[in-house]
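See below for coords.cif, which holds mmCIF, C-alpha atoms and all ligand atoms.
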```
data_upload
loop_
_atom_site.label_atom_id
_atom_site.label_comp_id
_atom_site.auth_asym_id
_atom_site.auth_seq_id
_atom_site.Cartn_x
_atom_site.Cartn_y
_atom_site.Cartn_z
CA MET A 70 -72.57 -63.48 -13.91
CA THR A 71 -71.29 -66.47 -11.92
CA SER A 72 -68.95 -68.29 -14.24
CA ARG A 73 -66.53 -71.17 -14.16
CA ILE A 74 -64.53 -69.40 -16.80
CA LEU A 75 -61.74 -67.27 -15.42
CA ARG A 76 -59.71 -65.24 -17.91
CA LEU A 77 -56.05 -64.45 -17.39
CA GLY A 78 -54.81 -61.06 -18.53
CA VAL A 79 -51.02 -60.95 -18.56
CA ASN A 80 -49.53 -57.57 -17.75
CA ILE A 81 -46.29 -57.08 -19.70
CA ASP A 82 -45.24 -53.71 -18.21
CA HIS A 83 -42.19 -55.03 -16.45
CA VAL A 84 -40.68 -56.53 -19.57
CA ALA A 85 -40.49 -52.89 -20.65
CA THR A 86 -39.06 -51.94 -17.24
CA ILE A 87 -36.11 -54.27 -17.86
CA ARG A 88 -35.73 -53.06 -21.45
CA ASN A 89 -35.73 -49.44 -20.34
CA ALA A 90 -33.00 -50.10 -17.77
CA ARG A 91 -30.62 -50.16 -20.74
CA GLY A 92 -32.61 -48.10 -23.20
CA GLY A 93 -32.44 -50.54 -26.12
CA ARG A 94 -35.05 -52.85 -27.62
CA HIS A 95 -34.45 -56.00 -25.57
CA PRO A 96 -36.44 -57.54 -23.95
CA ASP A 97 -39.36 -56.64 -26.20
CA PRO A 98 -42.78 -56.49 -24.46
CA VAL A 99 -44.54 -57.27 -27.74
CA ARG A 100 -42.57 -60.50 -28.02
CA ALA A 101 -43.58 -61.25 -24.43
CA ALA A 102 -47.23 -60.60 -25.34
CA LYS A 103 -46.98 -63.07 -28.22
CA GLN A 104 -45.42 -65.65 -25.93
CA ALA A 105 -48.14 -65.01 -23.33
CA ALA A 106 -50.77 -65.66 -25.99
CA ALA A 107 -49.10 -68.95 -26.92
CA ALA A 108 -48.96 -69.95 -23.23
CA GLY A 109 -52.69 -69.48 -22.73
CA ALA A 110 -53.25 -65.85 -21.76
CA ASP A 111 -56.72 -64.57 -22.64
CA GLY A 112 -55.68 -60.94 -22.87
CA ILE A 113 -52.73 -58.58 -22.65
CA THR A 114 -52.66 -55.73 -20.17
CA ALA A 115 -50.37 -52.73 -20.40
CA HIS A 116 -50.23 -49.55 -18.34
CA LEU A 117 -49.15 -46.47 -20.24
CA ARG A 118 -48.04 -44.28 -17.38
CA GLU A 119 -47.84 -40.53 -17.59
CA ASP A 120 -44.05 -40.66 -17.06
CA ARG A 121 -43.62 -43.57 -19.58
CA ARG A 122 -41.46 -45.39 -17.05
CA HIS A 123 -42.10 -48.75 -18.70
CA ILE A 124 -44.58 -49.08 -21.58
CA SER A 125 -44.06 -46.49 -24.33
CA ASP A 126 -46.42 -45.01 -26.89
CA ASN A 127 -44.66 -47.07 -29.54
CA ASP A 128 -45.30 -50.25 -27.51
CA ILE A 129 -49.02 -49.46 -27.56
CA ASP A 130 -48.91 -48.87 -31.34
CA ARG A 131 -47.20 -52.23 -31.81
CA LEU A 132 -49.42 -54.13 -29.36
CA MET A 133 -52.50 -52.88 -31.22
CA ALA A 134 -51.01 -53.82 -34.59
CA GLU A 135 -49.32 -57.11 -33.78
CA ILE A 136 -51.31 -58.85 -31.05
CA ASP A 137 -54.44 -60.90 -31.70
CA LEU A 138 -55.54 -61.01 -28.05
CA PRO A 139 -57.70 -58.23 -26.60
CA LEU A 140 -55.65 -55.37 -25.18
CA ASN A 141 -56.57 -53.94 -21.80
CA LEU A 142 -55.05 -50.47 -21.60
CA GLU A 143 -54.56 -49.31 -18.03
CA MET A 144 -54.63 -45.55 -17.84
CA ALA A 145 -54.92 -42.61 -15.51
CA ALA A 146 -58.01 -40.45 -15.85
CA THR A 147 -56.29 -37.66 -17.79
CA GLU A 148 -57.14 -35.91 -21.05
CA GLU A 149 -53.87 -37.15 -22.58
CA MET A 150 -54.68 -40.79 -21.83
CA LEU A 151 -58.28 -40.40 -22.93
CA ALA A 152 -57.09 -39.10 -26.32
CA ILE A 153 -54.66 -42.01 -26.68
CA ALA A 154 -57.36 -44.56 -25.82
CA LEU A 155 -59.82 -42.99 -28.24
CA ARG A 156 -57.19 -43.03 -30.99
CA HIS A 157 -56.31 -46.70 -30.49
CA ARG A 158 -59.68 -48.05 -29.38
CA PRO A 159 -58.33 -51.02 -27.39
CA HIS A 160 -60.73 -53.75 -26.34
CA ALA A 161 -60.76 -52.37 -22.80
CA SER A 162 -59.52 -49.49 -20.69
CA CYS A 163 -59.01 -49.87 -16.98
CA ILE A 164 -58.95 -46.51 -15.24
CA VAL A 165 -56.42 -46.47 -12.41
CA PRO A 166 -55.25 -43.84 -9.95
CA GLU A 167 -51.76 -42.61 -10.71
CA ARG A 168 -49.23 -40.62 -8.78
CA ARG A 169 -45.77 -39.97 -10.20
CA GLU A 170 -44.00 -40.68 -6.92
CA GLU A 171 -45.54 -44.13 -6.37
CA ARG A 172 -43.67 -47.26 -7.32
CA THR A 173 -46.83 -49.05 -8.45
CA THR A 174 -50.56 -48.40 -8.34
CA GLU A 175 -51.07 -47.94 -4.62
CA GLY A 176 -54.70 -48.19 -3.66
CA GLY A 177 -57.78 -48.03 -5.81
CA LEU A 178 -59.47 -45.24 -7.68
CA ASP A 179 -61.72 -42.98 -5.64
CA ALA A 180 -64.77 -43.57 -7.83
CA ALA A 181 -67.00 -42.10 -5.14
CA GLY A 182 -65.02 -38.87 -4.69
CA GLN A 183 -64.13 -38.25 -8.35
CA ARG A 184 -67.53 -38.69 -9.87
CA ALA A 185 -67.61 -35.39 -11.78
CA HIS A 186 -64.17 -36.01 -13.29
CA LEU A 187 -64.72 -39.67 -14.18
CA ALA A 188 -68.25 -39.59 -15.56
CA PRO A 189 -67.49 -37.82 -18.88
CA MET A 190 -64.41 -39.95 -19.39
CA ILE A 191 -66.34 -43.19 -18.91
CA ASP A 192 -69.04 -41.92 -21.26
CA LYS A 193 -66.52 -41.07 -24.01
CA LEU A 194 -64.67 -44.37 -23.74
CA SER A 195 -67.92 -46.35 -23.71
CA ALA A 196 -69.28 -44.40 -26.69
CA ALA A 197 -66.13 -45.41 -28.59
CA GLY A 198 -66.89 -49.07 -27.91
CA ILE A 199 -64.16 -49.49 -25.29
CA ARG A 200 -65.10 -51.64 -22.30
CA VAL A 201 -64.38 -49.51 -19.24
CA SER A 202 -63.32 -50.89 -15.92
CA LEU A 203 -62.53 -49.02 -12.72
CA PHE A 204 -59.69 -50.24 -10.51
CA ILE A 205 -61.12 -49.85 -7.02
CA GLU A 206 -60.65 -51.03 -3.47
CA PRO A 207 -62.94 -53.91 -2.54
CA SER A 208 -65.45 -51.68 -0.78
CA LYS A 209 -69.21 -51.34 -1.07
CA THR A 210 -68.95 -47.54 -1.36
CA GLN A 211 -66.61 -47.75 -4.33
CA LEU A 212 -68.69 -50.46 -6.02
CA ASP A 213 -71.87 -48.44 -5.62
CA ALA A 214 -70.05 -45.42 -7.07
CA ALA A 215 -68.78 -47.45 -10.03
CA LYS A 216 -72.31 -48.63 -10.71
CA ALA A 217 -73.68 -45.08 -10.48
CA LEU A 218 -70.99 -43.94 -12.93
CA GLY A 219 -72.16 -46.50 -15.49
CA ALA A 220 -68.91 -48.48 -15.62
CA PRO A 221 -69.74 -52.03 -16.75
CA VAL A 222 -66.68 -53.59 -15.08
CA VAL A 223 -64.75 -53.19 -11.84
CA GLU A 224 -61.32 -54.55 -11.03
CA LEU A 225 -60.82 -55.19 -7.32
CA HIS A 226 -57.39 -54.21 -5.95
CA THR A 227 -55.86 -57.32 -4.38
CA GLY A 228 -52.65 -55.60 -3.28
CA ARG A 229 -53.39 -55.45 0.42
CA TYR A 230 -54.47 -59.10 0.48
CA CYS A 231 -51.24 -60.11 -1.24
CA GLU A 232 -48.98 -58.04 1.00
CA THR A 233 -50.38 -59.20 4.34
CA GLU A 234 -50.34 -62.44 6.31
CA GLY A 235 -52.37 -64.41 8.82
CA GLU A 236 -55.54 -62.89 10.23
CA VAL A 237 -55.06 -59.59 8.45
CA GLN A 238 -54.75 -61.37 5.15
CA ALA A 239 -57.85 -63.46 5.91
CA ALA A 240 -59.78 -60.25 6.60
CA GLU A 241 -58.52 -58.71 3.35
CA LEU A 242 -59.60 -61.81 1.45
CA GLN A 243 -63.03 -61.58 3.03
CA ARG A 244 -63.31 -57.97 1.82
CA ILE A 245 -62.63 -59.20 -1.72
CA VAL A 246 -65.16 -62.04 -1.36
CA ASP A 247 -67.82 -59.62 -0.07
CA ALA A 248 -67.04 -57.04 -2.75
CA ALA A 249 -67.24 -59.63 -5.53
CA ALA A 250 -70.64 -60.74 -4.19
CA HIS A 251 -71.83 -57.14 -4.08
CA ALA A 252 -70.57 -56.55 -7.65
CA LYS A 253 -72.69 -59.47 -8.73
CA THR A 254 -75.82 -58.07 -7.12
CA LEU A 255 -75.14 -54.75 -8.87
CA GLY A 256 -74.72 -56.51 -12.23
CA LEU A 257 -71.08 -55.41 -12.55
CA GLU A 258 -68.54 -57.66 -14.24
CA CYS A 259 -65.88 -58.32 -11.65
CA HIS A 260 -62.12 -58.59 -12.21
CA ALA A 261 -59.25 -58.62 -9.72
CA GLY A 262 -55.54 -58.01 -9.69
CA HIS A 263 -52.37 -56.57 -8.23
CA GLY A 264 -49.63 -58.48 -6.50
CA LEU A 265 -51.03 -61.94 -7.25
CA SER A 266 -48.54 -64.83 -7.22
CA PHE A 267 -48.57 -68.63 -7.18
CA ASP A 268 -49.00 -68.40 -3.39
CA THR A 269 -51.89 -65.95 -3.34
CA VAL A 270 -53.88 -66.62 -6.51
CA THR A 271 -55.93 -69.66 -5.46
CA PRO A 272 -58.41 -68.09 -2.97
CA VAL A 273 -59.06 -65.19 -5.34
CA ALA A 274 -59.47 -67.45 -8.37
CA ALA A 275 -61.96 -69.52 -6.38
CA ILE A 276 -64.38 -66.59 -6.03
CA PRO A 277 -67.04 -67.55 -8.56
CA SER A 278 -68.22 -64.10 -9.62
CA ILE A 279 -64.71 -62.97 -10.56
CA VAL A 280 -64.22 -63.57 -14.29
CA GLU A 281 -60.78 -62.09 -14.97
CA LEU A 282 -57.46 -61.76 -13.18
CA ASN A 283 -54.76 -59.38 -14.36
CA ILE A 284 -51.29 -60.48 -13.30
CA GLY A 285 -47.92 -59.00 -14.20
CA HIS A 286 -45.02 -58.38 -11.87
CA PHE A 287 -44.87 -61.86 -10.37
CA LEU A 288 -45.07 -63.60 -13.77
CA ILE A 289 -42.32 -61.48 -15.29
CA GLY A 290 -40.15 -62.00 -12.21
CA GLU A 291 -40.79 -65.73 -12.19
CA ALA A 292 -39.92 -65.87 -15.90
CA ILE A 293 -36.31 -65.16 -14.91
CA PHE A 294 -36.21 -68.54 -13.17
CA SER A 295 -38.55 -70.75 -15.18
CA GLY A 296 -39.31 -68.89 -18.41
CA LEU A 297 -42.42 -66.88 -19.24
CA ASP A 298 -44.21 -69.76 -20.92
CA SER A 299 -43.80 -72.01 -17.89
CA ALA A 300 -44.77 -69.26 -15.41
CA ILE A 301 -47.98 -68.45 -17.30
CA ARG A 302 -48.92 -72.10 -17.75
CA ARG A 303 -48.48 -72.76 -14.05
CA MET A 304 -50.57 -69.71 -13.13
CA ARG A 305 -53.26 -70.81 -15.59
CA ALA A 306 -53.24 -74.31 -14.03
CA LEU A 307 -53.63 -72.91 -10.51
CA MET A 308 -56.54 -70.75 -11.67
CA ASN A 309 -58.19 -73.74 -13.33
CA ASP A 310 -57.68 -75.91 -10.25
CA ALA A 311 -59.23 -73.23 -8.04
CA ARG A 312 -62.22 -73.17 -10.32
CA GLY A 313 -62.51 -76.96 -10.59
CA VAL A 314 -61.87 -76.78 -14.32
CA THR A 315 -59.67 -79.23 -16.20
CA GLY A 316 -59.22 -77.35 -19.50
CA ARG A 317 -58.91 -73.61 -19.94
CA THR A 318 -62.14 -73.32 -21.92
CA ALA A 319 -64.24 -75.65 -19.75
N1 LIG B 401 -54.44 -54.56 -12.39
C1 LIG B 401 -54.17 -53.23 -12.34
C2 LIG B 401 -55.30 -52.28 -12.51
C3 LIG B 401 -52.86 -52.74 -12.18
O1 LIG B 401 -52.62 -51.42 -12.13
C4 LIG B 401 -51.80 -53.68 -12.10
C5 LIG B 401 -50.40 -53.20 -11.99
O2 LIG B 401 -50.05 -52.48 -13.12
C6 LIG B 401 -52.12 -55.05 -12.17
C7 LIG B 401 -53.45 -55.45 -12.29
C8 LIG B 401 -51.07 -56.10 -12.11
O3 LIG B 401 -50.40 -56.05 -10.90
P1 LIG B 401 -49.09 -56.91 -10.69
O4 LIG B 401 -48.09 -56.41 -11.69
O5 LIG B 401 -48.71 -56.65 -9.28
O6 LIG B 401 -49.45 -58.34 -10.97
#
```
Would you write the structure of this file as structure tokens?
Amino acid sequence: MTSRILRLGVNIDHVATIRNARGGRHPDPVRAAKQAAAAGADGITAHLREDRRHISDNDIDRLMAEIDLPLNLEMAATEEMLAIALRHRPHASCIVPERREERTTEGGLDAAGQRAHLAPMIDKLSAAGIRVSLFIEPSKTQLDAAKALGAPVVELHTGRYCETEGEVQAAELQRIVDAAAHAKTLGLECHAGHGLSFDTVTPVAAIPSIVELNIGHFLIGEAIFSGLDSAIRRMRALMNDARGVTGRTA
């Protein structure tokens, strides 16, 4: 599972956040997804939240119909979201914890504690041909639980690493390094994401067993200053440099 290839999934949620601030159609997240594809994204990620605070059901309909790249649908482990995923059959579903009062996805899924709830959901998604990933903290317990649940993919939460500094940040990075190594020994495909920026992406991208990063908020914010195309290309270049790759398909 060690690979030089590192895919970039661009999360377009916050294009919808800006659109929804005025309630119209601009800026359109589907247009952003098309621009991300042109700039070198390998996939599009969108989180349909229970309260529809950014991405809407109609956005998911349009992303499925209009985008050629694989769609990674982030979703809470609810019956409503399961039904939506089974209706659309996106390339992938990433199961995330969700609380209405949080501003973003704070902390990973408790795969170990929610086994009975998650197992049938993972089975149904997998049976429909949807690649399931679990968004978890970089911990051995959670990785072992994800493996026991039969999820083929885990996404390691990088939020704490991105938010901290100095020795604390170094320790958080080490947790991610160790977790990625453990994922490899378990035969789990390993992704990472949350809070990554130009300043924080390199050490995570350099971890060889991680094969996909999902990045959103920073890229959409940076697009205000440099444009989305430029922000994605720069992120892609940093990821390639970290991996010692000159072209994106090398
Ligand atoms: N991966 C997962 C599972 C997420 O929930 C999010 C946030 O929606 C991201 C990646 C992207 O995080 P950010 O927007 O901070 O880059």
Residues within 6 Å of range 140-143 of chain A, all atoms listed in the file, excluding chain neighbours under 2 positions, as an MDAnalysis selection string: chainID A and resid 113:116 159:164
Within 7 Å of Val201 in chain A using all atoms listed in the file, minus same-chain residues under 2 positions, as JSON, numbers by chain: {"A": [161, 162, 163, 191, 194, 195, 199, 203, 220, 221, 222]}
Counting only C-alpha atoms and all ligand atoms, what are the residues of chain A within 9 Å of ligand LIG 401 (chain B), and for each of them which pair of atoms is the nearest and at what distance in Å, to one decimal? Sort the table by chain and rising number, as a Markdown table.
```
| residue | atom | partner | partner_atom | distance |
| --- | --- | --- | --- | --- |
| A:Gly78 | CA | B:LIG401 | C7 | 8.5 |
| A:Val79 | CA | B:LIG401 | C8 | 8.1 |
| A:Asn80 | CA | B:LIG401 | C8 | 6.0 |
| A:Ile81 | CA | B:LIG401 | O4 | 8.2 |
| A:Asp82 | CA | B:LIG401 | O2 | 7.1 |
| A:His83 | CA | B:LIG401 | O4 | 7.7 |
| A:Thr114 | CA | B:LIG401 | C7 | 7.9 |
| A:Ala115 | CA | B:LIG401 | O2 | 7.3 |
| A:His116 | CA | B:LIG401 | O2 | 6.0 |
| A:Glu143 | CA | B:LIG401 | C2 | 6.3 |
| A:Met144 | CA | B:LIG401 | O1 | 8.4 |
| A:Cys163 | CA | B:LIG401 | C2 | 6.3 |
| A:Ile164 | CA | B:LIG401 | C2 | 7.4 |
| A:Val165 | CA | B:LIG401 | C2 | 5.9 |
| A:Pro166 | CA | B:LIG401 | O1 | 8.3 |
| A:Glu167 | CA | B:LIG401 | O1 | 9.0 |
| A:Thr173 | CA | B:LIG401 | C5 | 6.5 |
| A:Thr174 | CA | B:LIG401 | O1 | 5.3 |
| A:Glu175 | CA | B:LIG401 | O1 | 8.4 |
| A:Gly177 | CA | B:LIG401 | C2 | 8.3 |
| A:Ser202 | CA | B:LIG401 | C2 | 8.8 |
| A:Leu203 | CA | B:LIG401 | C2 | 7.9 |
| A:Phe204 | CA | B:LIG401 | C2 | 5.2 |
| A:Ile205 | CA | B:LIG401 | C2 | 8.4 |
| A:Glu224 | CA | B:LIG401 | C2 | 6.6 |
| A:Leu225 | CA | B:LIG401 | C2 | 8.1 |
| A:His226 | CA | B:LIG401 | N1 | 7.1 |
| A:Thr227 | CA | B:LIG401 | C7 | 8.5 |
| A:Gly228 | CA | B:LIG401 | O5 | 7.3 |
| A:His260 | CA | B:LIG401 | N1 | 8.7 |
| A:Ala261 | CA | B:LIG401 | N1 | 6.8 |
| A:Gly262 | CA | B:LIG401 | C7 | 4.2 |
| A:His263 | CA | B:LIG401 | O3 | 3.4 |
| A:Gly264 | CA | B:LIG401 | O5 | 3.5 |
| A:Leu265 | CA | B:LIG401 | O6 | 5.4 |
| A:Ser266 | CA | B:LIG401 | O6 | 7.6 |
| A:Leu282 | CA | B:LIG401 | C7 | 7.5 |
| A:Asn283 | CA | B:LIG401 | C7 | 4.6 |
| A:Ile284 | CA | B:LIG401 | O6 | 3.7 |
| A:Gly285 | CA | B:LIG401 | O4 | 3.6 |
| A:His286 | CA | B:LIG401 | O4 | 3.7 |
| A:Phe287 | CA | B:LIG401 | O6 | 5.8 |
| A:Leu288 | CA | B:LIG401 | O6 | 7.4 |
| A:Ile289 | CA | B:LIG401 | O4 | 8.5 |
```
Distance of CA of Ala105 in chain A from CA of Val84 in chain A, expressed in Å to one decimal place: 11.9 Å
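Computed from the coordinates, the CA of Gly182 in chain A to CA of Cys259 in chain A distance equals 20.7 Å.
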Minimum-distance residue to Arg131 in chain A, chosen among A:Val99, A:Ala311, A:Ala146, A:Leu117 (using only C-alpha atoms):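 Smallest separation from Arg131 in chain A among the options: A:Val99.
Between CA of Gln104 in chain A and CA of Asp137 in chain A there is a distance of 11.7 Å.
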Polymer residues at most 9 Å from Thr86 in chain A, only C-alpha atoms, same-chain spacing of 3 or more positions, as JSON, numbers by chain: {"A": [82, 83, 89, 90, 122, 123, 124]}
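Shortest separation to Ala106 in chain A among A:Ala85, A:Gly256, A:Glu281, A:Leu77 occurs at residue A:Leu77, atoms counted being all atoms listed in the file.
Each of A:Ile74, A:Glu291, A:Arg184, A:Glu119 was checked against Ala275 in chain A using only C-alpha atoms; the smallest atom-to-atom distance is that of A:Ile74.
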Test item: residues at most 12 Å from Thr254 in chain A, all atoms listed in the file, excluding those fewer than 3 positions along its chain, as a list in words: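 After dropping sequence-adjacent residues, the list is Met70, Thr71, Lys209, Leu212, Asp213, Lys216, Asp247, Ala248, Ala249, Ala250, His251, Leu257, Glu258, Cys259 and Ser278 of chain A.
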Residue with smallest distance to Arg88 in chain A - pool A:Asp130, A:Ser125, A:Ala274, A:Ala180, counting all atoms listed in the file: A:Ser125
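Residue nearest Leu242 in chain A within the list A:Pro207, A:Lys193, A:Ala188, A:Leu255: A:Pro207 [criterion: smallest interatomic distance, all atoms listed in the file].
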If you take every atom of range 268-283 of chain A that the file lists and fit an axis-aligned box around them with 5 Å extra on each side, what centre and edge lengths come out in Å to one decimal, as AutoDock Vina command-line options?
```
--center_x -58.6 --center_y -64.5 --center_z -9.0 --size_x 29.2 --size_y 20.3 --size_z 22.0
```
Selection: 9 Å around Ala197 in chain A, all atoms listed in the file, excl. self and same-chain fewer than 4 positions, as a count of residues only: 4
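Counting all atoms listed in the file, the residue from A:Leu132, A:Leu75, A:Ala185, A:Ile279 that sits nearest to Asn309 in chain A is A:Leu75.
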